[in-house]
Each structure stands twice: as C-alpha cells, then as structure tokens.
>>> print(open('target14.cif').read())   # mmCIF, C-alpha atoms
data_query
loop_
_atom_site.group_PDB
_atom_site.id
_atom_site.type_symbol
_atom_site.label_atom_id
_atom_site.label_comp_id
_atom_site.auth_asym_id
_atom_site.auth_seq_id
_atom_site.Cartn_x
_atom_site.Cartn_y
_atom_site.Cartn_z
ATOM 1 C CA GLY V 1 0.000 0.000 0.000
ATOM 2 C CA GLY V 2 0.944 3.650 -0.272
ATOM 3 C CA ASP V 3 3.056 5.229 -2.957
ATOM 4 C CA GLY V 4 6.542 5.011 -1.487
ATOM 5 C CA GLY V 5 6.317 8.652 -0.421
ATOM 6 C CA GLY V 6 6.993 10.171 -3.827
ATOM 7 C CA GLY V 7 4.306 9.171 -6.281
ATOM 8 C CA PRO V 8 5.063 6.649 -9.022
ATOM 9 C CA ASP V 9 8.816 7.288 -8.994
ATOM 10 C CA GLY V 10 8.924 7.042 -5.221
ATOM 11 C CA ALA V 11 7.181 3.670 -5.285
ATOM 12 C CA VAL V 12 9.653 2.300 -7.834
ATOM 13 C CA ALA V 13 12.603 3.623 -5.825
ATOM 14 C CA ALA V 14 11.192 2.029 -2.670
ATOM 15 C CA ILE V 15 10.946 -1.373 -4.387
ATOM 16 C CA LEU V 16 14.480 -1.167 -5.767
ATOM 17 C CA ASP V 17 15.916 -0.004 -2.435
ATOM 18 C CA PHE V 18 14.110 -2.748 -0.527
ATOM 19 C CA ALA V 19 15.304 -5.418 -2.968
ATOM 20 C CA ASP V 20 18.860 -4.140 -2.534
ATOM 21 C CA GLU V 21 18.499 -4.308 1.254
ATOM 22 C CA LEU V 22 17.178 -7.871 1.074
ATOM 23 C CA ARG V 23 20.054 -8.859 -1.192
ATOM 24 C CA ALA V 24 22.572 -7.440 1.276
ATOM 25 C CA VAL V 25 20.939 -9.156 4.265
ATOM 26 C CA GLY V 26 20.791 -12.453 2.370
ATOM 27 C CA GLU V 27 24.437 -12.281 1.339
ATOM 28 C CA GLU V 28 25.475 -11.490 4.916
ATOM 29 C CA ARG V 29 23.364 -14.300 6.365
ATOM 30 C CA PHE V 30 23.909 -17.020 3.749
ATOM 31 C CA GLY V 31 27.163 -15.975 2.125
ATOM 32 C CA ARG V 32 25.866 -15.907 -1.423
ATOM 33 C CA PRO V 33 23.677 -13.767 -3.666
ATOM 34 C CA PRO V 34 19.967 -14.513 -4.149
ATOM 35 C CA ALA V 35 19.097 -17.327 -6.558
ATOM 36 C CA ALA V 36 15.915 -15.599 -7.776
ATOM 37 C CA VAL V 37 13.630 -12.654 -7.062
ATOM 38 C CA GLY V 38 9.846 -12.703 -6.843
ATOM 39 C CA VAL V 39 7.773 -9.501 -6.909
ATOM 40 C CA GLY V 40 4.065 -8.866 -6.473
ATOM 41 C CA LEU V 41 2.779 -5.670 -8.098
ATOM 42 C CA PRO V 42 -0.599 -3.917 -8.083
ATOM 43 C CA GLY V 43 -2.751 -3.103 -11.079
ATOM 44 C CA ALA V 44 -2.290 -4.492 -14.582
ATOM 45 C CA VAL V 45 0.913 -6.519 -14.853
ATOM 46 C CA ASP V 46 2.485 -7.975 -17.991
ATOM 47 C CA GLU V 47 4.178 -10.910 -16.292
ATOM 48 C CA ALA V 48 5.883 -12.212 -19.451
ATOM 49 C CA ALA V 49 7.407 -8.808 -20.329
ATOM 50 C CA GLY V 50 8.163 -7.921 -16.706
ATOM 51 C CA VAL V 51 6.286 -4.624 -16.892
ATOM 52 C CA ALA V 52 3.913 -2.908 -14.454
ATOM 53 C CA VAL V 53 1.437 -1.721 -17.077
ATOM 54 C CA TYR V 54 -0.988 0.372 -15.030
ATOM 55 C CA SER V 55 -2.006 1.073 -11.448
ATOM 56 C CA ALA V 56 -4.732 3.615 -10.676
ATOM 57 C CA ASN V 57 -3.729 3.770 -7.008
ATOM 58 C CA LEU V 58 0.028 4.254 -7.627
ATOM 59 C CA GLY V 59 -0.137 6.211 -10.879
ATOM 60 C CA TRP V 60 2.078 3.694 -12.703
ATOM 61 C CA ARG V 61 2.133 3.296 -16.470
ATOM 62 C CA ASP V 62 4.474 0.880 -18.293
ATOM 63 C CA VAL V 63 7.186 0.653 -15.625
ATOM 64 C CA PRO V 64 9.856 -1.935 -16.644
ATOM 65 C CA ILE V 65 10.250 -3.376 -13.147
ATOM 66 C CA ARG V 66 12.068 -6.573 -14.208
ATOM 67 C CA ARG V 67 14.725 -4.643 -16.128
ATOM 68 C CA LEU V 68 15.167 -2.095 -13.321
ATOM 69 C CA LEU V 69 15.493 -4.821 -10.680
ATOM 70 C CA THR V 70 17.879 -6.866 -12.803
ATOM 71 C CA GLU V 71 20.101 -3.820 -13.293
ATOM 72 C CA ARG V 72 19.964 -2.905 -9.605
ATOM 73 C CA LEU V 73 20.855 -6.438 -8.488
ATOM 74 C CA GLY V 74 23.742 -6.956 -10.892
ATOM 75 C CA GLY V 75 22.050 -8.680 -13.801
ATOM 76 C CA ALA V 76 22.594 -12.353 -12.965
ATOM 77 C CA VAL V 77 19.417 -13.198 -11.066
ATOM 78 C CA PRO V 78 16.080 -14.339 -12.536
ATOM 79 C CA VAL V 79 13.253 -11.930 -11.648
ATOM 80 C CA ALA V 80 9.662 -13.211 -11.648
ATOM 81 C CA LEU V 81 6.789 -10.729 -11.576
ATOM 82 C CA GLY V 82 3.157 -11.272 -10.726
ATOM 83 C CA HIS V 83 0.041 -9.311 -9.899
ATOM 84 C CA ASP V 84 0.080 -8.883 -6.118
ATOM 85 C CA LEU V 85 -3.200 -10.694 -5.602
ATOM 86 C CA ARG V 86 -2.343 -13.565 -7.939
ATOM 87 C CA VAL V 87 0.893 -13.901 -5.994
ATOM 88 C CA ALA V 88 -1.106 -13.985 -2.728
ATOM 89 C CA ALA V 89 -3.427 -16.591 -4.267
ATOM 90 C CA LEU V 90 -0.390 -18.737 -5.066
ATOM 91 C CA ALA V 91 0.439 -18.730 -1.338
ATOM 92 C CA GLU V 92 -3.147 -19.267 -0.169
ATOM 93 C CA GLY V 93 -3.417 -22.182 -2.597
ATOM 94 C CA ARG V 94 -0.253 -23.939 -1.455
ATOM 95 C CA LEU V 95 -0.101 -22.939 2.192
ATOM 96 C CA GLY V 96 -3.412 -21.381 3.234
ATOM 97 C CA ALA V 97 -7.174 -21.433 2.869
ATOM 98 C CA GLY V 98 -7.063 -22.749 -0.716
ATOM 99 C CA ALA V 99 -4.854 -25.758 -0.015
ATOM 100 C CA GLY V 100 -6.421 -28.803 -1.636
ATOM 101 C CA VAL V 101 -9.142 -26.760 -3.386
ATOM 102 C CA ASP V 102 -9.218 -27.267 -7.163
ATOM 103 C CA ARG V 103 -10.912 -23.951 -7.997
ATOM 104 C CA PHE V 104 -11.056 -20.956 -5.697
ATOM 105 C CA LEU V 105 -11.493 -17.227 -6.006
ATOM 106 C CA LEU V 106 -9.448 -15.016 -3.687
ATOM 107 C CA VAL V 107 -11.045 -11.600 -3.128
ATOM 108 C CA ALA V 108 -9.019 -8.854 -1.455
ATOM 109 C CA LEU V 109 -10.921 -5.950 0.082
ATOM 110 C CA GLY V 110 -8.311 -3.269 0.731
ATOM 111 C CA THR V 111 -7.536 0.106 -0.830
ATOM 112 C CA GLY V 112 -9.159 -1.385 -3.917
ATOM 113 C CA ILE V 113 -10.876 -4.690 -4.660
ATOM 114 C CA ALA V 114 -9.270 -7.363 -6.795
ATOM 115 C CA THR V 115 -9.720 -11.079 -7.310
ATOM 116 C CA ALA V 116 -7.537 -13.970 -8.367
ATOM 117 C CA LEU V 117 -8.908 -17.184 -9.826
ATOM 118 C CA SER V 118 -6.874 -20.305 -9.044
ATOM 119 C CA ILE V 119 -7.446 -23.422 -11.144
ATOM 120 C CA ASP V 120 -5.540 -26.563 -10.166
ATOM 121 C CA GLY V 121 -2.750 -24.531 -8.592
ATOM 122 C CA ARG V 122 -2.389 -22.005 -11.416
ATOM 123 C CA THR V 123 -3.699 -18.454 -11.235
ATOM 124 C CA GLU V 124 -5.326 -17.041 -14.366
ATOM 125 C CA PRO V 125 -3.790 -13.745 -15.569
ATOM 126 C CA GLY V 126 -6.061 -13.248 -18.580
ATOM 127 C CA ALA V 127 -4.957 -12.503 -22.119
ATOM 128 C CA HIS V 128 -3.403 -9.130 -21.198
ATOM 129 C CA GLY V 129 -2.572 -9.522 -17.503
ATOM 130 C CA ARG V 130 -5.764 -7.764 -16.469
ATOM 131 C CA ALA V 131 -7.923 -10.602 -15.146
ATOM 132 C CA GLY V 132 -9.535 -10.164 -11.743
ATOM 133 C CA GLU V 133 -10.355 -6.454 -11.665
ATOM 134 C CA LEU V 134 -13.624 -7.022 -9.832
ATOM 135 C CA GLY V 135 -13.212 -3.639 -8.174
ATOM 136 C CA HIS V 136 -13.913 -1.961 -11.492
ATOM 137 C CA VAL V 137 -17.167 -3.744 -12.184
ATOM 138 C CA VAL V 138 -19.834 -1.029 -11.980
ATOM 139 C CA VAL V 139 -22.396 -2.056 -9.345
ATOM 140 C CA ARG V 140 -23.934 1.373 -8.645
ATOM 141 C CA PRO V 141 -24.295 3.230 -11.971
ATOM 142 C CA GLY V 142 -23.848 6.979 -11.534
ATOM 143 C CA GLY V 143 -22.606 6.494 -7.971
ATOM 144 C CA THR V 144 -19.385 7.411 -6.184
ATOM 145 C CA LEU V 145 -16.478 8.542 -8.364
ATOM 146 C CA CYS V 146 -13.754 5.890 -8.615
ATOM 147 C CA GLY V 147 -10.014 6.432 -8.990
ATOM 148 C CA CYS V 148 -10.302 4.987 -12.506
ATOM 149 C CA GLY V 149 -12.476 7.952 -13.537
ATOM 150 C CA ARG V 150 -15.805 6.131 -13.724
ATOM 151 C CA ARG V 151 -18.677 6.152 -11.241
ATOM 152 C CA GLY V 152 -20.140 3.364 -9.141
ATOM 153 C CA CYS V 153 -17.281 0.855 -9.354
ATOM 154 C CA LEU V 154 -17.385 -1.795 -6.637
ATOM 155 C CA GLU V 155 -14.177 -0.579 -5.003
ATOM 156 C CA ALA V 156 -15.509 2.981 -4.820
ATOM 157 C CA VAL V 157 -18.398 1.668 -2.730
ATOM 158 C CA ALA V 158 -17.237 -1.380 -0.796
ATOM 159 C CA SER V 159 -13.442 -1.500 -0.431
ATOM 160 C CA ALA V 160 -11.972 -1.078 3.033
ATOM 161 C CA ALA V 161 -10.965 2.447 2.029
ATOM 162 C CA ALA V 162 -14.482 3.262 0.810
ATOM 163 C CA VAL V 163 -16.125 1.906 3.964
ATOM 164 C CA GLY V 164 -13.733 3.961 6.081
ATOM 165 C CA ARG V 165 -14.576 7.119 4.146
ATOM 166 C CA ALA V 166 -18.306 6.434 4.360
ATOM 167 C CA TRP V 167 -18.156 5.825 8.111
ATOM 168 C CA ALA V 168 -16.056 8.949 8.721
ATOM 169 C CA ALA V 169 -18.649 10.987 6.803
ATOM 170 C CA ALA V 170 -21.624 9.372 8.570
ATOM 171 C CA ALA V 171 -20.073 9.800 12.021
ATOM 172 C CA GLY V 172 -18.761 13.280 11.263
ATOM 173 C CA VAL V 173 -15.277 12.313 12.477
ATOM 174 C CA PRO V 174 -12.443 12.662 9.930
ATOM 175 C CA GLY V 175 -9.901 9.846 9.751
ATOM 176 C CA LEU V 176 -12.080 6.936 10.826
ATOM 177 C CA ASP V 177 -11.365 3.683 8.985
ATOM 178 C CA ALA V 178 -13.078 0.368 8.191
ATOM 179 C CA ALA V 179 -11.937 -1.189 11.466
ATOM 180 C CA ASP V 180 -13.639 1.674 13.336
ATOM 181 C CA ALA V 181 -16.793 1.019 11.304
ATOM 182 C CA ALA V 182 -16.719 -2.689 12.180
ATOM 183 C CA ARG V 183 -16.359 -1.911 15.889
ATOM 184 C CA ALA V 184 -19.313 0.482 15.676
ATOM 185 C CA VAL V 185 -21.380 -2.210 13.929
ATOM 186 C CA VAL V 186 -20.644 -4.651 16.741
ATOM 187 C CA ALA V 187 -21.595 -1.932 19.240
ATOM 188 C CA GLY V 188 -24.927 -1.501 17.449
ATOM 189 C CA ASP V 189 -24.513 2.057 16.148
ATOM 190 C CA PRO V 190 -27.338 2.382 13.584
ATOM 191 C CA ARG V 191 -25.319 4.735 11.371
ATOM 192 C CA ALA V 192 -22.512 2.169 11.154
ATOM 193 C CA VAL V 193 -24.996 -0.638 10.563
ATOM 194 C CA ASP V 194 -26.375 1.310 7.597
ATOM 195 C CA VAL V 195 -22.906 2.005 6.140
ATOM 196 C CA TRP V 196 -21.962 -1.660 6.596
ATOM 197 C CA ALA V 197 -25.177 -2.959 5.011
ATOM 198 C CA ARG V 198 -24.678 -0.772 1.937
ATOM 199 C CA ALA V 199 -21.144 -2.114 1.516
ATOM 200 C CA VAL V 200 -22.196 -5.736 2.017
ATOM 201 C CA ASP V 201 -25.015 -5.344 -0.532
ATOM 202 C CA ALA V 202 -22.607 -3.929 -3.107
ATOM 203 C CA LEU V 203 -20.062 -6.671 -2.373
ATOM 204 C CA ALA V 204 -22.712 -9.337 -2.808
ATOM 205 C CA ASP V 205 -23.770 -7.828 -6.145
ATOM 206 C CA GLY V 206 -20.191 -7.837 -7.419
ATOM 207 C CA MET V 207 -19.293 -11.236 -6.025
ATOM 208 C CA MET V 208 -22.465 -12.800 -7.391
ATOM 209 C CA ALA V 209 -21.423 -11.687 -10.868
ATOM 210 C CA ALA V 210 -18.057 -13.402 -10.338
ATOM 211 C CA VAL V 211 -19.714 -16.559 -8.982
ATOM 212 C CA SER V 212 -22.109 -16.681 -11.928
ATOM 213 C CA LEU V 213 -19.259 -16.350 -14.397
ATOM 214 C CA LEU V 214 -16.569 -18.490 -12.768
ATOM 215 C CA ASP V 215 -18.333 -21.053 -10.506
ATOM 216 C CA PRO V 216 -15.555 -21.313 -7.895
ATOM 217 C CA ARG V 217 -15.706 -24.068 -5.285
ATOM 218 C CA THR V 218 -14.475 -21.719 -2.551
ATOM 219 C CA LEU V 219 -14.544 -17.946 -2.136
ATOM 220 C CA ILE V 220 -11.637 -16.789 0.036
ATOM 221 C CA VAL V 221 -12.054 -13.287 1.429
ATOM 222 C CA GLY V 222 -9.035 -11.290 2.574
ATOM 223 C CA GLY V 223 -7.749 -7.739 2.858
ATOM 224 C CA GLY V 224 -8.381 -5.025 5.412
ATOM 225 C CA LEU V 225 -12.178 -5.262 5.399
ATOM 226 C CA ALA V 226 -12.021 -9.029 5.994
ATOM 227 C CA GLU V 227 -10.257 -8.392 9.294
ATOM 228 C CA ALA V 228 -13.777 -7.827 10.637
ATOM 229 C CA GLY V 229 -14.224 -11.612 10.435
ATOM 230 C CA GLU V 230 -17.757 -12.868 10.848
ATOM 231 C CA THR V 231 -19.043 -9.288 11.196
ATOM 232 C CA LEU V 232 -18.463 -9.217 7.445
ATOM 233 C CA LEU V 233 -18.690 -12.865 6.384
ATOM 234 C CA THR V 234 -21.996 -13.790 8.064
ATOM 235 C CA PRO V 235 -24.060 -11.030 6.373
ATOM 236 C CA LEU V 236 -22.107 -11.512 3.139
ATOM 237 C CA ARG V 237 -23.037 -15.211 2.995
ATOM 238 C CA ALA V 238 -26.673 -14.288 3.615
ATOM 239 C CA ALA V 239 -26.615 -11.595 0.925
ATOM 240 C CA LEU V 240 -25.105 -14.002 -1.607
ATOM 241 C CA ALA V 241 -27.721 -16.638 -0.767
ATOM 242 C CA ALA V 242 -30.499 -14.063 -1.252
ATOM 243 C CA ARG V 243 -29.169 -13.305 -4.752
ATOM 244 C CA ALA V 244 -28.650 -16.885 -5.907
ATOM 245 C CA ALA V 245 -30.832 -18.338 -8.651
ATOM 246 C CA PRO V 246 -31.881 -22.005 -8.476
ATOM 247 C CA PHE V 247 -29.116 -22.987 -10.912
ATOM 248 C CA HIS V 248 -26.320 -21.385 -8.883
ATOM 249 C CA HIS V 249 -24.104 -23.502 -6.668
ATOM 250 C CA LEU V 250 -22.861 -21.065 -4.053
ATOM 251 C CA PRO V 251 -19.219 -21.476 -3.030
ATOM 252 C CA GLU V 252 -18.085 -21.929 0.537
ATOM 253 C CA VAL V 253 -17.101 -18.463 1.830
ATOM 254 C CA VAL V 254 -14.044 -18.555 4.108
ATOM 255 C CA PRO V 255 -11.520 -16.059 5.467
ATOM 256 C CA ALA V 256 -8.021 -15.890 4.021
ATOM 257 C CA ALA V 257 -5.536 -17.735 6.238
ATOM 258 C CA LEU V 258 -2.247 -15.949 5.632
ATOM 259 C CA GLY V 259 -3.175 -12.303 6.150
ATOM 260 C CA ASP V 260 -0.577 -9.700 5.188
ATOM 261 C CA ALA V 261 2.047 -12.452 4.856
ATOM 262 C CA ALA V 262 0.350 -13.925 1.775
ATOM 263 C CA GLY V 263 1.981 -11.480 -0.635
ATOM 264 C CA CYS V 264 5.482 -12.029 0.755
ATOM 265 C CA LEU V 265 5.070 -15.808 0.872
ATOM 266 C CA GLY V 266 3.657 -15.808 -2.652
ATOM 267 C CA ALA V 267 6.545 -13.680 -3.947
ATOM 268 C CA GLY V 268 8.916 -16.188 -2.374
ATOM 269 C CA LEU V 269 7.088 -19.062 -4.075
ATOM 270 C CA LEU V 270 7.225 -17.148 -7.371
ATOM 271 C CA ALA V 271 10.993 -16.795 -6.979
ATOM 272 C CA TRP V 272 11.309 -20.471 -5.995
ATOM 273 C CA ASP V 273 9.396 -21.513 -9.116
ATOM 274 C CA ALA V 274 11.502 -19.178 -11.295
ATOM 275 C CA ARG V 275 14.727 -20.626 -9.913
ATOM 276 C CA HIS V 276 13.452 -24.173 -10.427
ATOM 277 C CA ALA V 277 12.487 -23.344 -14.016
ATOM 278 C CA ALA V 278 15.912 -21.788 -14.663
ATOM 279 C CA ALA V 279 17.700 -24.798 -13.164
ATOM 280 C CA THR V 280 15.593 -27.187 -15.245
ATOM 281 C CA ALA V 281 16.353 -25.213 -18.411
ATOM 282 C CA GLU V 282 20.081 -25.414 -17.621
ATOM 283 C CA VAL V 283 20.104 -29.216 -17.603
ATOM 284 C CA VAL V 284 17.858 -29.766 -20.617
ATOM 285 C CA PRO V 285 20.031 -30.572 -23.673
ATOM 286 C CA SER V 286 19.660 -28.118 -26.541
#
>>> encode(input="target14.cif", output="structure tokens")
Amino acid sequence: GGDGGGGPDGAVAAILDFADELRAVGEERFGRPPAAVGVGLPGAVDEAAGVAVYSANLGWRDVPIRRLLTERLGGAVPVALGHDLRVAALAEGRLGAGAGVDRFLLVALGTGIATALSIDGRTEPGAHGRAGELGHVVVRPGGTLCGCGRRGCLEAVASAAAVGRAWAAAAGVPGLDAADAARAVVAGDPRAVDVWARAVDALADGMMAAVSLLDPRTLIVGGGLAEAGETLLTPLRAALAARAAPFHHLPEVVPAALGDAAGCLGAGLLAWDARHAAATAEVVPS
C-alpha cells in the first residue's frame, strides 16, 4: 500500500531499495547472492514482459520493473513478476485457505478490490494480464467517483478504504477507517450498521457476478475489510444466498488464512518456481 512517499517514482525507488536491502541481508546471512527474485505488483501486470502496465492507485504506467530490478541487483538473477493478488493466491493455494481446493477465487478488500482465480494450482492472468479487476465492475451506476475515472465501481463503494470514508462521513469524524466502522457495527450504532449494510449489498452484487461467471468451489475473502471476520462474512453469505438463482451452486465463503504475509510468501514461491524453471532449463540438452 501507499506510494513510497513520492508518487510513481517514489514507489519504484522504494521497491528497488528494498530489494537491494534484502540482497545485502541475504548475502550477509547465507554468504551468497539470491538465486531468484519474486515480486508482487498492483494493477495491470504484464508478467511475461516484466512490466507494471498500469495502477490507478500508484499512478504507474508501463514501468519496466524486471529490467530495473535486474540492473539494480547486478544482472545475474532471474526476476519473476506477478500481480500482487495472484501472488497472494499462489500462497493461499499452497499454504493457506485454498490448499487442496481445485478452484477458488481469492477476493481482497483493501484500498481497492481485486480477485484472483486459481485453477488446479495455477492463477489465471487473462490474455493481457488484467484478469480479476472485480473492483472496477460497476455495481452502482452513476454512484461514487472511482479512482479509474468512472462512477459506481465496486471498489468505490465497498473497499476497506471506501467503507472507512463512508463511516467517517456518517459519524462526522475525519480519519475513521473500516476497522472503526466494524467496531461500531458490533456496538450496534445504527449509522454504522447502515454504512456496513450498503457495503455488504454492493459486495454481494459484485461477487455474485463473479460466482455466476466463474463457478468457484471456494470464495476466500481477505484484505483489510475481511479483518472484521464474521461481522463481514456472516451477512455476506446471507446476501449471496439471497441473490442466488436455483441454478447457482454457491461457493463456501471462508476467510483468508495468511493475512498480510500472503503477498510475501507468494513472492517467495514465485521466486522459488523461477529458480526451479531456470535450473531445469540449464540441464535440458539443446
């Protein structure tokens, strides 16, 4: 999250600096350079080209992250890129709530809203690296302005950031966030209950579209808003059930298991897979 303190350029600098720090710590601890690098990035990501194509929240356009990282780290290390949520889904699928599940949809409710579809251990990027942008499905036409420039997108209404803004406005207290809203819901504040219900209804509308299209076995819910636990999941399950047609088979709705660690663990798995692929290529006769 955040922008590295200096807009798009600041975010890129923060990534490069952090990678350099990790390299130095690894060399000091293990006595050798890293074997591979894995990176999770927000927005549209061209994983094959190694480019961060677009991020509304960071202001990125066509940033050649793989090339910049390779140059910063000396040029000899494979760098694997992935969309941050697809990277998290890789971890949830191998180590977390999706372990043993053939088809699951991971939904992250944070600054924005994104999804990752995992099929038999592989996450689907789409034809152009843009799969999973559930946050930009319009659920409230003409509604709240979204960072993408359109109105009524799901993430403008029901992300953790949006719920925090709505609760701050309803309570008349600047700076309140989604966690404050959840606590007020539990305490029975009717204003918070109304804000929460509007968000849950919008989430159910968006998620039902995804369920109708993709038919996942399990729906894993993570991100800041999901930290509310059953305060979110119980009404969400009910709202999904109320929207289901007779032909729908509703997925099991469960919380993500790995929390904030999912992205880091997934990036590590991405690097592990990249190193394994490079090692395999080295021993295959030409």
>>> closest_residue(input="target14.cif", among="V:Leu250, V:Ala48, V:Leu41, V:Leu16", to="Thr70 (chain V)", atoms="all atoms listed in the file")
V:Leu16
>>> residues_near_point(input="target14.cif", point="(22.3, 0.8, -3.8)", cutoff="12 Å", atoms="all atoms listed in the file", output="list in words")
Ala13, Ala14, Ile15, Leu16, Asp17, Phe18, Ala19, Asp20, Glu21, Leu22, Arg23, Ala24, Leu69, Glu71, Arg72, Leu73 and Gly74 of chain V
>>> closest_atom_pairs(input="target14.cif", of="region 137-176 of chain V", to="region 207-219 of chain V", cutoff="10 Å", atoms="all atoms listed in the file", output="tab-separated table")
residue	atom	partner	partner_atom	distance
V:Val137	CA	V:Ala209	CA	9.1
V:Val139	CA	V:Ala209	CA	9.8
V:Leu154	CA	V:Met207	CA	9.7
>>> closest_residue(input="target14.cif", among="V:Ala257, V:Val39, V:Val138, V:Cys264", to="Arg66 (chain V)", atoms="all atoms listed in the file")
V:Val39
>>> atom_distance(input="target14.cif", atom1="CA of Leu269 (chain V)", atom2="CA of Ala35 (chain V)")
12.4 Å
>>> resolve_selection(input="target14.cif", expression="the PyMOL selection byres ((chain V and resi 89) around 12)", output="short mmCIF file (atom, residue, chain, number, x, y, z; two decimals) with C-alpha atoms, in the coordinates of the input")
data_model
loop_
_atom_site.label_atom_id
_atom_site.label_comp_id
_atom_site.auth_asym_id
_atom_site.auth_seq_id
_atom_site.Cartn_x
_atom_site.Cartn_y
_atom_site.Cartn_z
CA GLY V 40 4.07 -8.87 -6.47
CA GLY V 82 3.16 -11.27 -10.73
CA HIS V 83 0.04 -9.31 -9.90
CA ASP V 84 0.08 -8.88 -6.12
CA LEU V 85 -3.20 -10.69 -5.60
CA ARG V 86 -2.34 -13.56 -7.94
CA VAL V 87 0.89 -13.90 -5.99
CA ALA V 88 -1.11 -13.98 -2.73
CA LEU V 90 -0.39 -18.74 -5.07
CA ALA V 91 0.44 -18.73 -1.34
CA GLU V 92 -3.15 -19.27 -0.17
CA GLY V 93 -3.42 -22.18 -2.60
CA ARG V 94 -0.25 -23.94 -1.46
CA LEU V 95 -0.10 -22.94 2.19
CA GLY V 96 -3.41 -21.38 3.23
CA ALA V 97 -7.17 -21.43 2.87
CA GLY V 98 -7.06 -22.75 -0.72
CA ALA V 99 -4.85 -25.76 -0.02
CA VAL V 101 -9.14 -26.76 -3.39
CA ARG V 103 -10.91 -23.95 -8.00
CA PHE V 104 -11.06 -20.96 -5.70
CA LEU V 105 -11.49 -17.23 -6.01
CA LEU V 106 -9.45 -15.02 -3.69
CA VAL V 107 -11.04 -11.60 -3.13
CA ALA V 108 -9.02 -8.85 -1.46
CA ALA V 114 -9.27 -7.36 -6.80
CA THR V 115 -9.72 -11.08 -7.31
CA ALA V 116 -7.54 -13.97 -8.37
CA LEU V 117 -8.91 -17.18 -9.83
CA SER V 118 -6.87 -20.30 -9.04
CA ILE V 119 -7.45 -23.42 -11.14
CA ASP V 120 -5.54 -26.56 -10.17
CA GLY V 121 -2.75 -24.53 -8.59
CA ARG V 122 -2.39 -22.00 -11.42
CA THR V 123 -3.70 -18.45 -11.24
CA GLU V 124 -5.33 -17.04 -14.37
CA PRO V 125 -3.79 -13.74 -15.57
CA GLY V 132 -9.54 -10.16 -11.74
CA LEU V 219 -14.54 -17.95 -2.14
CA ILE V 220 -11.64 -16.79 0.04
CA VAL V 221 -12.05 -13.29 1.43
CA GLY V 222 -9.04 -11.29 2.57
CA ALA V 256 -8.02 -15.89 4.02
CA ALA V 257 -5.54 -17.74 6.24
CA LEU V 258 -2.25 -15.95 5.63
CA GLY V 259 -3.18 -12.30 6.15
CA ALA V 261 2.05 -12.45 4.86
CA ALA V 262 0.35 -13.92 1.78
CA GLY V 263 1.98 -11.48 -0.64
CA CYS V 264 5.48 -12.03 0.76
CA LEU V 265 5.07 -15.81 0.87
CA GLY V 266 3.66 -15.81 -2.65
CA ALA V 267 6.54 -13.68 -3.95
CA LEU V 269 7.09 -19.06 -4.08
CA LEU V 270 7.22 -17.15 -7.37
#
>>> atom_distance(input="target14.cif", atom1="CA of Ala181 (chain V)", atom2="CA of Val193 (chain V)")
8.4 Å
>>> atom_distance(input="target14.cif", atom1="CA of Ala204 (chain V)", atom2="CA of Ala239 (chain V)")
5.9 Å
>>> residues_around(input="target14.cif", residues="region 164-171 of chain V", least_positions_apart="2", cutoff="10 Å", atoms="all atoms listed in the file", output="PyMOL selection string")
chain V and resi 156-162+173-182+184+189+191-196+198-199+225
>>> closest_residue(input="target14.cif", among="V:Arg67, V:His276, V:Arg243, V:His136", to="Val79 (chain V)", atoms="only C-alpha atoms")
V:Arg67
>>> resolve_selection(input="target14.cif", expression="the PyMOL selection byres ((chain V and resi 130) around 9)", output="ChimeraX atom specification")
/V:43-46,83,125-129,131-133
>>> closest_residue(input="target14.cif", among="V:Gly31, V:Phe247, V:Thr231, V:Ala80", to="Gly188 (chain V)", atoms="only C-alpha atoms")
V:Thr231
>>> closest_residue(input="target14.cif", among="V:Gly224, V:Cys153, V:Ala271, V:Asp201", to="Ala242 (chain V)", atoms="only C-alpha atoms")
V:Asp201
>>> axis_aligned_box(input="target14.cif", around="region 232-243 of chain V", padding_each_side="5 Å", output="lines of an AutoDock Vina configuration file")
center_x = -24.5
center_y = -12.9
center_z = 1.7
size_x = 22.0
size_y = 17.4
size_z = 22.8
>>> resolve_selection(input="target14.cif", expression="the PyMOL selection byres ((chain V and resi 61) around 12)", output="list in words")
Gly7, Pro8, Asp9, Val12, Pro42, Gly43, Ala44, Val45, Asp46, Val51, Ala52, Val53, Tyr54, Ser55, Ala56, Asn57, Leu58, Gly59, Trp60, Asp62, Val63, Pro64 and Ile65 of chain V
>>> write_last_selection(input="target14.cif", atoms="C-alpha atoms", output="short mmCIF file (atom, residue, chain, number, x, y, z; two decimals), keeping the file's coordinate frame")
data_model
loop_
_atom_site.label_atom_id
_atom_site.label_comp_id
_atom_site.auth_asym_id
_atom_site.auth_seq_id
_atom_site.Cartn_x
_atom_site.Cartn_y
_atom_site.Cartn_z
CA GLY V 7 4.31 9.17 -6.28
CA PRO V 8 5.06 6.65 -9.02
CA ASP V 9 8.82 7.29 -8.99
CA VAL V 12 9.65 2.30 -7.83
CA PRO V 42 -0.60 -3.92 -8.08
CA GLY V 43 -2.75 -3.10 -11.08
CA ALA V 44 -2.29 -4.49 -14.58
CA VAL V 45 0.91 -6.52 -14.85
CA ASP V 46 2.48 -7.98 -17.99
CA VAL V 51 6.29 -4.62 -16.89
CA ALA V 52 3.91 -2.91 -14.45
CA VAL V 53 1.44 -1.72 -17.08
CA TYR V 54 -0.99 0.37 -15.03
CA SER V 55 -2.01 1.07 -11.45
CA ALA V 56 -4.73 3.62 -10.68
CA ASN V 57 -3.73 3.77 -7.01
CA LEU V 58 0.03 4.25 -7.63
CA GLY V 59 -0.14 6.21 -10.88
CA TRP V 60 2.08 3.69 -12.70
CA ASP V 62 4.47 0.88 -18.29
CA VAL V 63 7.19 0.65 -15.62
CA PRO V 64 9.86 -1.94 -16.64
CA ILE V 65 10.25 -3.38 -13.15
#
